[in-house]
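Shown next: query.cif, given as mmCIF, C-alpha atoms.
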```cif
data_model
#
loop_
_atom_site.label_atom_id
_atom_site.label_comp_id
_atom_site.auth_asym_id
_atom_site.auth_seq_id
_atom_site.Cartn_x
_atom_site.Cartn_y
_atom_site.Cartn_z
CA MET A 8 74.45 129.71 103.80
CA GLN A 9 73.09 129.86 107.33
CA GLU A 10 75.72 127.34 108.43
CA ASN A 11 78.50 129.53 107.01
CA LEU A 12 77.15 132.52 108.94
CA ARG A 13 77.16 130.52 112.16
CA LEU A 14 80.75 129.39 111.56
CA GLU A 15 81.69 133.03 110.98
CA GLU A 16 80.06 133.79 114.34
CA LEU A 17 82.34 131.22 115.99
CA SER A 18 85.40 132.73 114.33
CA GLU A 19 84.40 136.20 115.51
CA LEU A 20 83.97 134.98 119.10
CA LEU A 21 87.33 133.21 119.00
CA ASN A 22 89.22 136.14 117.49
CA SER A 23 87.70 138.59 119.99
CA ARG A 24 88.59 136.19 122.85
CA GLN A 25 84.98 135.85 124.03
CA LEU A 26 85.81 132.35 125.18
CA ARG A 27 82.98 131.90 127.67
CA LYS A 28 80.39 132.76 125.03
CA LEU A 29 82.23 130.58 122.49
CA LYS A 30 82.07 127.59 124.82
CA GLU A 31 78.30 128.00 125.18
CA VAL A 32 77.73 128.36 121.43
CA LEU A 33 79.88 125.30 120.60
CA THR A 34 77.43 123.03 122.44
CA GLU A 35 74.74 123.95 119.88
CA PHE A 36 76.79 122.73 116.91
CA ASN A 37 77.03 119.28 115.38
CA GLU A 38 80.39 117.53 116.01
CA MET A 39 81.21 117.52 112.27
CA ASP A 40 80.61 121.28 112.04
CA VAL A 41 82.82 121.92 115.06
CA ALA A 42 85.59 119.86 113.43
CA ALA A 43 85.18 121.87 110.20
CA PHE A 44 85.51 125.09 112.21
CA MET A 45 88.65 123.78 113.95
CA GLU A 46 90.20 122.80 110.61
CA GLU A 47 90.13 126.45 109.55
CA GLN A 48 92.07 127.61 112.63
CA ASP A 49 95.81 127.60 113.20
CA ALA A 50 97.34 124.94 115.44
CA GLU A 51 97.24 126.89 118.72
CA LYS A 52 93.62 128.00 118.29
CA THR A 53 92.66 124.42 117.41
CA VAL A 54 93.94 123.18 120.77
CA LEU A 55 92.25 126.09 122.55
CA VAL A 56 88.87 125.24 120.99
CA PHE A 57 89.36 121.53 121.65
CA ARG A 58 89.91 122.14 125.38
CA MET A 59 86.59 124.02 125.53
CA LEU A 60 84.57 121.07 124.28
CA PRO A 61 82.54 118.99 126.75
CA LYS A 62 84.08 115.58 127.45
CA GLU A 63 81.14 113.77 125.90
CA THR A 64 81.67 115.45 122.49
CA ALA A 65 85.46 116.03 122.45
CA SER A 66 86.27 112.50 121.27
CA GLU A 67 83.65 112.58 118.50
CA VAL A 68 85.00 115.91 117.22
CA PHE A 69 88.55 114.53 117.42
CA ALA A 70 87.60 111.59 115.16
CA PHE A 71 86.45 114.00 112.41
CA LEU A 72 89.69 116.04 112.35
CA GLU A 73 92.45 115.67 109.75
CA VAL A 74 95.52 113.70 110.86
CA GLU A 75 97.72 116.82 111.08
CA LYS A 76 95.31 118.44 113.56
CA GLN A 77 95.01 115.21 115.54
CA GLU A 78 98.79 114.96 115.81
CA TYR A 79 99.12 118.54 117.07
CA ILE A 80 96.39 118.02 119.67
CA ILE A 81 97.99 114.78 120.89
CA ASN A 82 101.32 116.57 121.30
CA SER A 83 99.65 119.44 123.19
CA ILE A 84 97.48 117.64 125.74
CA THR A 85 98.30 115.64 128.87
CA ASP A 86 98.53 111.84 129.05
CA HIS A 87 95.31 111.76 131.09
CA GLU A 88 93.43 113.78 128.45
CA LEU A 89 94.86 111.56 125.72
CA LYS A 90 93.79 108.41 127.56
CA THR A 91 90.24 109.76 127.85
CA ILE A 92 90.10 110.40 124.09
CA ILE A 93 91.48 106.96 123.18
CA GLU A 94 89.06 105.17 125.48
CA ASP A 95 86.08 107.11 124.11
CA LEU A 96 86.95 106.59 120.43
CA TYR A 97 85.83 103.50 118.54
CA VAL A 98 88.73 101.14 117.90
CA ASP A 99 88.49 101.42 114.09
CA ASP A 100 88.79 105.22 114.35
CA VAL A 101 91.89 104.87 116.55
CA VAL A 102 93.46 102.40 114.12
CA ASP A 103 92.76 104.67 111.12
CA MET A 104 94.47 107.52 112.97
CA LEU A 105 97.50 105.49 114.06
CA GLU A 106 98.13 104.27 110.50
CA GLU A 107 98.76 107.90 109.47
CA LEU A 108 100.66 109.22 112.52
CA PRO A 109 104.46 109.21 112.98
CA ALA A 110 105.95 106.35 115.02
CA THR A 111 106.80 108.56 118.02
CA VAL A 112 103.22 109.79 118.29
CA VAL A 113 101.85 106.25 117.87
CA LYS A 114 104.07 105.08 120.72
CA ARG A 115 102.69 107.77 123.05
CA VAL A 116 99.09 106.95 122.11
CA LEU A 117 99.59 103.24 122.80
CA GLN A 118 101.30 103.99 126.10
CA SER A 119 98.37 106.15 127.18
CA ALA A 120 95.75 103.53 126.29
CA ALA A 121 94.44 101.03 128.83
CA PRO A 122 96.01 97.52 128.55
CA ASP A 123 92.88 95.92 127.06
CA THR A 124 92.46 98.76 124.55
CA ARG A 125 96.17 98.61 123.63
CA LYS A 126 95.92 94.87 123.02
CA LEU A 127 92.87 95.34 120.79
CA ILE A 128 94.51 98.16 118.81
CA ASN A 129 97.66 96.10 118.24
CA GLN A 130 95.53 93.19 117.02
CA PHE A 131 93.79 95.45 114.48
CA LEU A 132 97.08 96.94 113.28
CA LYS A 133 98.32 93.48 112.32
CA TYR A 134 95.62 92.96 109.68
CA PRO A 135 96.64 93.55 106.04
CA GLU A 136 96.17 97.08 104.76
CA ASN A 137 92.81 97.67 103.01
CA SER A 138 91.42 94.40 104.37
CA ALA A 139 88.12 93.81 106.20
CA GLY A 140 90.09 93.40 109.43
CA SER A 141 91.71 96.80 109.06
CA ILE A 142 88.39 98.70 108.79
CA MET A 143 86.25 96.74 111.26
CA THR A 144 85.37 97.74 114.80
CA ALA A 145 85.13 95.53 117.89
CA GLU A 146 82.22 97.52 119.37
CA TYR A 147 79.25 95.30 118.48
CA ALA A 148 76.32 93.82 120.39
CA GLY A 149 76.89 90.09 120.94
CA LEU A 150 74.12 87.83 122.24
CA LYS A 151 73.72 84.14 123.16
CA LYS A 152 71.06 81.96 121.58
CA ASP A 153 69.84 80.69 124.97
CA MET A 154 69.01 84.26 126.04
CA THR A 155 65.37 85.34 126.13
CA VAL A 156 64.23 88.50 124.39
CA GLU A 157 63.92 90.17 127.78
CA GLN A 158 67.51 89.26 128.70
CA ALA A 159 68.68 90.53 125.32
CA PHE A 160 67.05 93.91 125.95
CA ASP A 161 68.63 94.09 129.40
CA TYR A 162 72.04 93.37 127.87
CA ILE A 163 71.60 96.01 125.16
CA ARG A 164 70.49 98.65 127.69
CA LYS A 165 73.51 97.88 129.88
CA HIS A 166 76.22 97.62 127.22
CA GLY A 167 74.76 99.28 124.12
CA VAL A 168 75.98 102.79 124.92
CA ASP A 169 79.55 101.80 124.00
CA LYS A 170 78.60 99.94 120.81
CA GLU A 171 78.89 101.47 117.35
CA THR A 172 75.49 100.05 116.37
CA ILE A 173 72.83 98.17 118.32
CA TYR A 174 70.21 97.74 115.61
CA THR A 175 71.81 94.49 114.41
CA CYS A 176 72.99 92.03 117.09
CA TYR A 177 75.10 88.94 116.47
CA VAL A 178 74.54 85.58 118.13
CA MET A 179 77.57 83.53 119.20
CA ASN A 180 78.24 80.34 121.12
CA SER A 181 80.66 79.95 124.03
CA LYS A 182 83.63 79.76 121.60
CA ARG A 183 82.57 83.03 119.88
CA MET A 184 81.56 81.13 116.75
CA LEU A 185 79.02 83.16 114.75
CA GLU A 186 75.68 81.33 114.73
CA GLY A 187 73.12 83.90 113.67
CA VAL A 188 71.92 87.48 113.51
CA VAL A 189 68.94 89.23 115.06
CA THR A 190 67.72 92.81 114.70
CA VAL A 191 66.10 95.07 117.28
CA LYS A 192 62.96 94.91 115.13
CA ASP A 193 62.94 91.10 115.60
CA LEU A 194 63.26 91.58 119.36
CA LEU A 195 60.45 94.16 119.50
CA MET A 196 58.09 91.95 117.50
CA ASN A 197 58.48 88.90 119.78
CA PRO A 198 57.34 88.21 123.38
CA TYR A 199 59.85 88.63 126.22
CA GLU A 200 60.00 84.89 127.00
CA ARG A 201 60.95 83.88 123.43
CA LEU A 202 64.50 82.50 123.00
CA ILE A 203 66.96 84.29 120.72
CA GLY A 204 67.82 80.94 119.11
CA ASP A 205 64.22 80.63 117.89
CA ILE A 206 64.06 84.01 116.17
CA MET A 207 67.61 84.53 114.88
CA ASP A 208 68.49 84.29 111.19
CA THR A 209 71.13 81.61 110.69
CA ASN A 210 71.82 82.57 107.07
CA VAL A 211 74.39 85.25 107.93
CA ILE A 212 76.15 87.35 105.30
CA LYS A 213 79.71 87.85 106.56
CA ALA A 214 83.28 88.65 105.60
CA VAL A 215 86.66 87.18 106.56
CA THR A 216 89.30 89.42 108.16
CA THR A 217 91.71 89.09 105.22
CA GLU A 218 89.14 89.89 102.50
CA ASP A 219 89.76 93.03 100.45
CA GLN A 220 87.76 96.08 101.54
CA GLU A 221 86.38 96.45 98.00
CA GLU A 222 84.71 93.04 98.38
CA VAL A 223 83.20 94.21 101.66
CA ALA A 224 81.87 97.39 100.03
CA SER A 225 80.42 95.32 97.18
CA ARG A 226 78.56 93.14 99.70
CA PHE A 227 77.07 96.21 101.41
CA ARG A 228 75.89 97.51 98.05
CA LYS A 229 74.46 94.17 96.95
CA TYR A 230 72.53 93.35 100.13
CA ASP A 231 71.74 96.92 101.38
CA LEU A 232 73.42 96.29 104.72
CA LEU A 233 73.90 98.60 107.68
CA SER A 234 76.62 96.41 109.20
CA LEU A 235 78.51 93.25 108.30
CA PRO A 236 80.07 90.73 110.73
CA VAL A 237 83.76 89.91 110.23
CA VAL A 238 85.05 86.47 111.23
CA ASP A 239 88.48 84.88 111.35
CA HIS A 240 89.41 81.73 109.42
CA GLU A 241 87.88 79.61 112.19
CA ASP A 242 84.53 81.41 111.86
CA ARG A 243 84.91 83.24 115.18
CA LEU A 244 83.37 86.69 115.31
CA VAL A 245 86.10 89.32 115.77
CA GLY A 246 84.34 92.53 114.70
CA ILE A 247 81.88 94.28 112.42
CA VAL A 248 82.12 96.74 109.55
CA THR A 249 79.53 99.52 109.64
CA VAL A 250 78.08 101.51 106.75
CA ASP A 251 79.97 104.72 107.67
CA ASP A 252 83.28 102.87 107.23
CA VAL A 253 82.12 101.50 103.88
CA VAL A 254 81.25 105.01 102.65
CA ASP A 255 84.88 105.99 103.35
CA VAL A 256 86.11 102.90 101.47
CA ILE A 257 83.93 103.66 98.44
CA GLU A 258 85.21 107.25 98.35
CA GLN A 259 88.81 106.08 98.69
CA GLU A 260 88.50 103.42 95.97
CA ALA A 261 86.66 105.80 93.62
CA THR A 262 89.39 108.42 94.04
CA GLU A 263 92.08 105.81 93.40
CA ASP A 264 90.34 104.60 90.23
CA PHE A 265 89.83 108.17 89.04
CA GLU A 266 93.54 108.92 89.43
CA LYS A 267 94.55 105.72 87.63
CA MET A 268 92.13 106.47 84.79
CA ALA A 269 93.80 109.86 84.43
CA ALA A 270 97.22 108.16 84.17
CA MET A 271 98.47 109.11 87.65
CA LEU A 272 99.76 107.08 90.57
CA PRO A 273 97.20 107.16 93.43
CA SER A 274 97.81 109.56 96.31
CA GLU A 275 96.32 109.12 99.78
CA LYS A 276 96.64 112.80 100.74
CA PRO A 277 94.24 115.59 99.72
CA TYR A 278 95.42 117.68 96.75
CA LEU A 279 96.14 120.87 98.72
CA LYS A 280 98.15 118.91 101.32
CA THR A 281 100.27 117.03 98.78
CA SER A 282 103.65 118.54 97.96
CA VAL A 283 104.52 119.70 94.44
CA PHE A 284 107.31 117.11 94.29
CA GLN A 285 104.90 114.29 95.22
CA LEU A 286 102.31 115.43 92.66
CA ALA A 287 105.00 115.53 89.95
CA LYS A 288 106.27 112.10 91.01
CA ASN A 289 102.76 110.63 90.80
CA ARG A 290 102.27 111.95 87.28
CA ILE A 291 105.66 111.62 85.62
CA VAL A 292 105.77 107.80 85.55
CA TRP A 293 102.70 107.36 83.35
CA LEU A 294 103.58 110.41 81.26
CA LEU A 295 106.96 108.83 80.49
CA VAL A 296 105.32 105.52 79.58
CA LEU A 297 102.78 107.21 77.31
CA MET A 298 105.42 109.47 75.75
CA LEU A 299 107.68 106.55 74.90
CA SER A 300 104.78 104.47 73.59
CA SER A 301 103.68 107.36 71.36
CA MET A 302 106.99 106.99 69.53
CA ILE A 303 105.40 103.94 67.92
CA THR A 304 102.94 106.29 66.23
CA GLY A 305 105.83 108.41 64.99
CA GLY A 306 107.51 105.32 63.58
CA ILE A 307 104.35 104.40 61.65
CA LEU A 308 104.12 107.90 60.17
CA ALA A 309 107.77 107.71 59.13
CA LYS A 310 107.16 104.36 57.41
CA TYR A 311 104.45 105.85 55.17
CA GLU A 312 106.35 109.06 54.39
CA LYS A 313 106.20 108.34 50.65
CA ALA A 314 102.41 108.26 50.75
CA PHE A 315 102.43 111.81 52.19
CA ALA A 316 104.64 112.98 49.37
CA VAL A 317 102.22 111.67 46.75
CA ILE A 318 99.00 112.90 48.44
CA PRO A 319 99.79 115.50 51.16
CA LEU A 320 96.05 115.76 51.89
CA LEU A 321 96.23 112.38 53.66
CA VAL A 322 97.99 114.00 56.65
CA THR A 323 95.08 116.36 57.38
CA PHE A 324 92.75 113.48 58.29
CA ILE A 325 95.07 111.88 60.87
CA PRO A 326 93.97 114.06 63.87
CA MET A 327 90.31 113.33 63.15
CA LEU A 328 90.92 109.56 62.98
CA THR A 329 93.09 109.35 66.10
CA ASP A 330 90.86 111.66 68.17
CA THR A 331 87.68 109.82 67.21
CA GLY A 332 89.32 106.45 67.93
CA GLY A 333 90.59 107.62 71.32
CA ASN A 334 87.19 109.04 72.30
CA ALA A 335 85.35 105.89 71.14
CA GLY A 336 87.72 103.65 73.09
CA SER A 337 87.53 105.74 76.27
CA GLN A 338 83.69 105.67 76.11
CA SER A 339 83.69 101.87 76.13
CA SER A 340 86.45 101.49 78.74
CA THR A 341 84.74 103.96 81.09
CA MET A 342 81.44 102.07 80.89
CA ILE A 343 83.13 98.69 81.43
CA ILE A 344 85.29 99.90 84.33
CA ARG A 345 82.25 101.46 85.98
CA GLY A 346 80.24 98.25 85.45
CA MET A 347 83.00 96.14 86.98
CA ALA A 348 83.34 98.53 89.92
CA VAL A 349 79.66 98.22 90.87
CA GLY A 350 79.51 94.48 90.21
CA GLU A 351 77.36 94.61 87.05
CA ILE A 352 80.07 93.10 84.82
CA HIS A 353 82.29 90.10 85.62
CA THR A 354 85.20 88.49 83.78
CA ARG A 355 82.91 85.67 82.61
CA ASP A 356 80.87 88.27 80.68
CA ILE A 357 83.74 89.17 78.34
CA PHE A 358 82.19 87.62 75.20
CA ARG A 359 78.76 89.20 75.86
CA VAL A 360 80.42 92.58 76.47
CA VAL A 361 82.61 92.43 73.37
CA TRP A 362 79.68 91.32 71.17
CA LYS A 363 77.51 94.15 72.51
CA GLU A 364 80.23 96.77 72.04
CA LEU A 365 80.91 95.42 68.55
CA LYS A 366 77.27 96.00 67.54
CA VAL A 367 77.35 99.48 69.08
CA ALA A 368 80.62 100.21 67.25
CA ILE A 369 79.20 99.16 63.87
CA LEU A 370 76.19 101.46 64.27
CA VAL A 371 78.25 104.40 65.57
CA GLY A 372 81.05 103.86 63.05
CA PHE A 373 78.63 103.70 60.12
CA VAL A 374 76.92 106.98 61.13
CA LEU A 375 80.25 108.78 61.67
CA GLY A 376 81.66 107.38 58.44
CA MET A 377 78.67 108.44 56.35
CA VAL A 378 78.66 111.96 57.82
CA ASN A 379 82.36 112.32 57.01
CA TYR A 380 81.95 110.86 53.52
CA ILE A 381 79.23 113.37 52.64
CA ARG A 382 81.30 116.23 54.11
CA LEU A 383 84.44 115.24 52.20
CA ILE A 384 82.58 114.72 48.89
CA ILE A 385 81.35 118.31 49.18
CA LEU A 386 84.76 119.68 50.15
CA TYR A 387 86.84 117.65 47.71
CA PRO A 388 84.81 116.96 44.56
CA GLY A 389 86.39 114.39 42.25
CA GLN A 390 88.29 112.72 45.13
CA GLU A 391 85.79 109.88 45.68
CA MET A 392 88.41 107.20 46.43
CA LEU A 393 90.14 109.43 48.98
CA CYS A 394 86.79 110.09 50.65
CA LEU A 395 86.04 106.35 50.65
CA THR A 396 89.44 105.64 52.20
CA VAL A 397 88.79 108.07 55.06
CA MET A 398 85.26 106.72 55.61
CA LEU A 399 86.35 103.06 55.76
CA SER A 400 89.31 103.95 57.99
CA LEU A 401 87.00 105.79 60.39
CA ILE A 402 84.54 102.89 60.58
CA ALA A 403 87.39 100.40 61.18
CA THR A 404 88.95 102.69 63.80
CA VAL A 405 85.71 103.05 65.79
CA ILE A 406 85.04 99.29 65.70
CA LEU A 407 88.62 98.56 66.76
CA ALA A 408 88.64 101.22 69.49
CA LYS A 409 85.39 100.11 71.11
CA THR A 410 86.40 96.44 70.99
CA ILE A 411 89.78 97.17 72.60
CA GLY A 412 88.15 99.52 75.11
CA ALA A 413 85.81 96.72 76.18
CA MET A 414 88.40 93.92 76.28
CA LEU A 415 91.37 95.54 78.04
CA PRO A 416 89.72 96.32 81.43
CA ILE A 417 88.27 92.79 81.64
CA GLY A 418 91.62 91.34 80.56
CA ALA A 419 93.34 93.33 83.31
CA LYS A 420 90.97 91.82 85.87
CA VAL A 421 91.73 88.30 84.61
CA PHE A 422 95.44 88.91 85.26
CA HIS A 423 94.70 90.39 88.72
CA MET A 424 95.46 93.96 87.66
CA ASP A 425 93.36 97.04 88.38
CA PRO A 426 91.00 97.60 85.39
CA ALA A 427 91.29 101.37 85.93
CA ILE A 428 94.82 101.41 84.51
CA MET A 429 93.36 100.33 81.15
CA ALA A 430 91.62 103.67 80.77
CA ALA A 431 91.61 106.49 78.24
CA PRO A 432 95.35 107.40 77.99
CA LEU A 433 96.59 103.84 77.45
CA ILE A 434 93.75 102.82 75.15
CA THR A 435 94.18 106.02 73.11
CA THR A 436 97.87 105.24 72.57
CA ILE A 437 97.13 101.69 71.42
CA VAL A 438 94.25 102.71 69.15
CA ASP A 439 96.26 105.56 67.58
CA ALA A 440 98.98 103.19 66.44
CA ILE A 441 96.66 100.53 65.03
CA SER A 442 94.28 103.02 63.37
CA LEU A 443 97.18 104.67 61.51
CA VAL A 444 98.30 101.32 60.16
CA ILE A 445 94.76 100.58 58.95
CA TYR A 446 94.45 104.06 57.43
CA PHE A 447 97.66 103.93 55.42
CA GLN A 448 97.18 100.33 54.36
CA LEU A 449 93.75 101.23 52.98
CA ALA A 450 95.18 104.36 51.35
CA CYS A 451 97.95 102.38 49.69
CA SER A 452 95.48 99.76 48.41
CA LEU A 453 92.60 101.99 47.28
CA LEU A 454 94.68 104.89 46.00
CA GLN A 455 97.39 102.62 44.55
CA LEU A 456 100.29 104.42 46.28
#
```

If you took the structure in this file and wrote it as structure tokens, what would it be?
Amino acid sequence: MQENLRLEELSELLNSRQLRKLKEVLTEFNEMDVAAFMEEQDAEKTVLVFRMLPKETASEVFAFLEVEKQEYIINSITDHELKTIIEDLYVDDVVDMLEELPATVVKRVLQSAAPDTRKLINQFLKYPENSAGSIMTAEYAGLKKDMTVEQAFDYIRKHGVDKETIYTCYVMNSKRMLEGVVTVKDLLMNPYERLIGDIMDTNVIKAVTTEDQEEVASRFRKYDLLSLPVVDHEDRLVGIVTVDDVVDVIEQEATEDFEKMAAMLPSEKPYLKTSVFQLAKNRIVWLLVLMLSSMITGGILAKYEKAFAVIPLLVTFIPMLTDTGGNAGSQSSTMIIRGMAVGEIHTRDIFRVVWKELKVAILVGFVLGMVNYIRLIILYPGQEMLCLTVMLSLIATVILAKTIGAMLPIGAKVFHMDPAIMAAPLITTIVDAISLVIYFQLACSLLQL
């Protein structure tokens, strides 16, 4: 609440053109809050506020802005100002920005960068999208194992200001081969004359540049890391991934899985900045697939049309069966997809998972079936066989739905597909068709139709 009032204060100062006072107040704000304030302004006011920022904070604020604002600022400032921003930004932040900007703007950014920076940026841009190489940064503290602790501290004091993190330092040989890792805590707890090679940890957890970013995020989660070294295929250290980058990856992957589970194609843009046409395009594909597949259900109903004619009451139980089956299947698939996402469940666990879900399904199905049987006996006295048919169909549907809901996501992973696509909409469609067949087959047998 207090933060909102302060942002309103900034807006009031800007709108009343009290620019000198605004410049003073901006220095009291966190860089993220300044970026949030700039996001609410129109393009011209954004540039005006950006020019007021001190040089030491302007680049940090720039990194927090949305791509559209960054593009407008780049097109509005001089080459010298642009060069200052690029040199102050961490390389991974520059690369993230360039991947979203139009080609003409990218060209100007690269032309404004210093030769060494331009070479580094181009190297990062060549890594596969969503790989460890594409999210790493080259700003890390690199030490030699023949350094003493005192020399290491001197190096960190001299070069650490430009590094993204200095808590964890990486030890390399003359060919930049990764040999070990040492933390600032290790340095503080050892005498100045001690060699780095004697205190470094040689069992280094690392990633390869071409590894998928999801694997990197999984490693951070598993080992509680703050940073992770990234090596090439010859084990040479080329960069590090820090925890702030991994948080972005986790958010991105979670959003993508959420959209797939809702039967939509993933979108990289925020909802309010995505066009109506693009939103419709992302949704229509899966809706068409599900609509066409639901025709199978219609075909099954048509096949058992004679059964309806004999006992019309059979039709009234179809929504209850299909809805319960769909809900039961989506419960299982959601749990399995979540477990696979956080590394609790692997493809080798498929038999354990299916057996567990089968036991759960039997318990749940029996309870639901008995509740329905008692309800139907009360509502339709003298129709015991009909009630039994509905009860058995419900139990079979729940068991089937939970088994399918458990198997499909793991099966998708085996065939190198995203488990999230095997979520509620698809599973519901499959379960609906099979549960109707079971229902009418039981009805025909028990009721002698």

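Compared by their closest atoms to Asn334 of chain A, and using all atoms listed in the file, the residues A:Ile128, A:Leu454, A:Val405, A:Ile81 rank with A:Val405 nearest.
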
Apply the PyMOL selection byres ((chain A and resi 337) around 10) to the structure shown and report the selected residues as number ranges by chain. A: 268, 331-336, 338-343, 408-409, 411-413, 429-435

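One finds atom CA of Leu308 of chain A at 28.2 Å from atom CA of Pro416 of chain A.
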
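Each of A:Asn289, A:Gln48, A:Ser138, A:Leu127 was checked against Glu222 of chain A using only C-alpha atoms; the smallest atom-to-atom distance is that of A:Ser138.
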
Can you translate the PyMOL selection byres ((chain A and resi 70) around 10) into the concrete residues it hits in this file, as a ChimeraX atom specification? /A:38-39,42,65-69,71-74,77,92,96-97,100-101,103-104
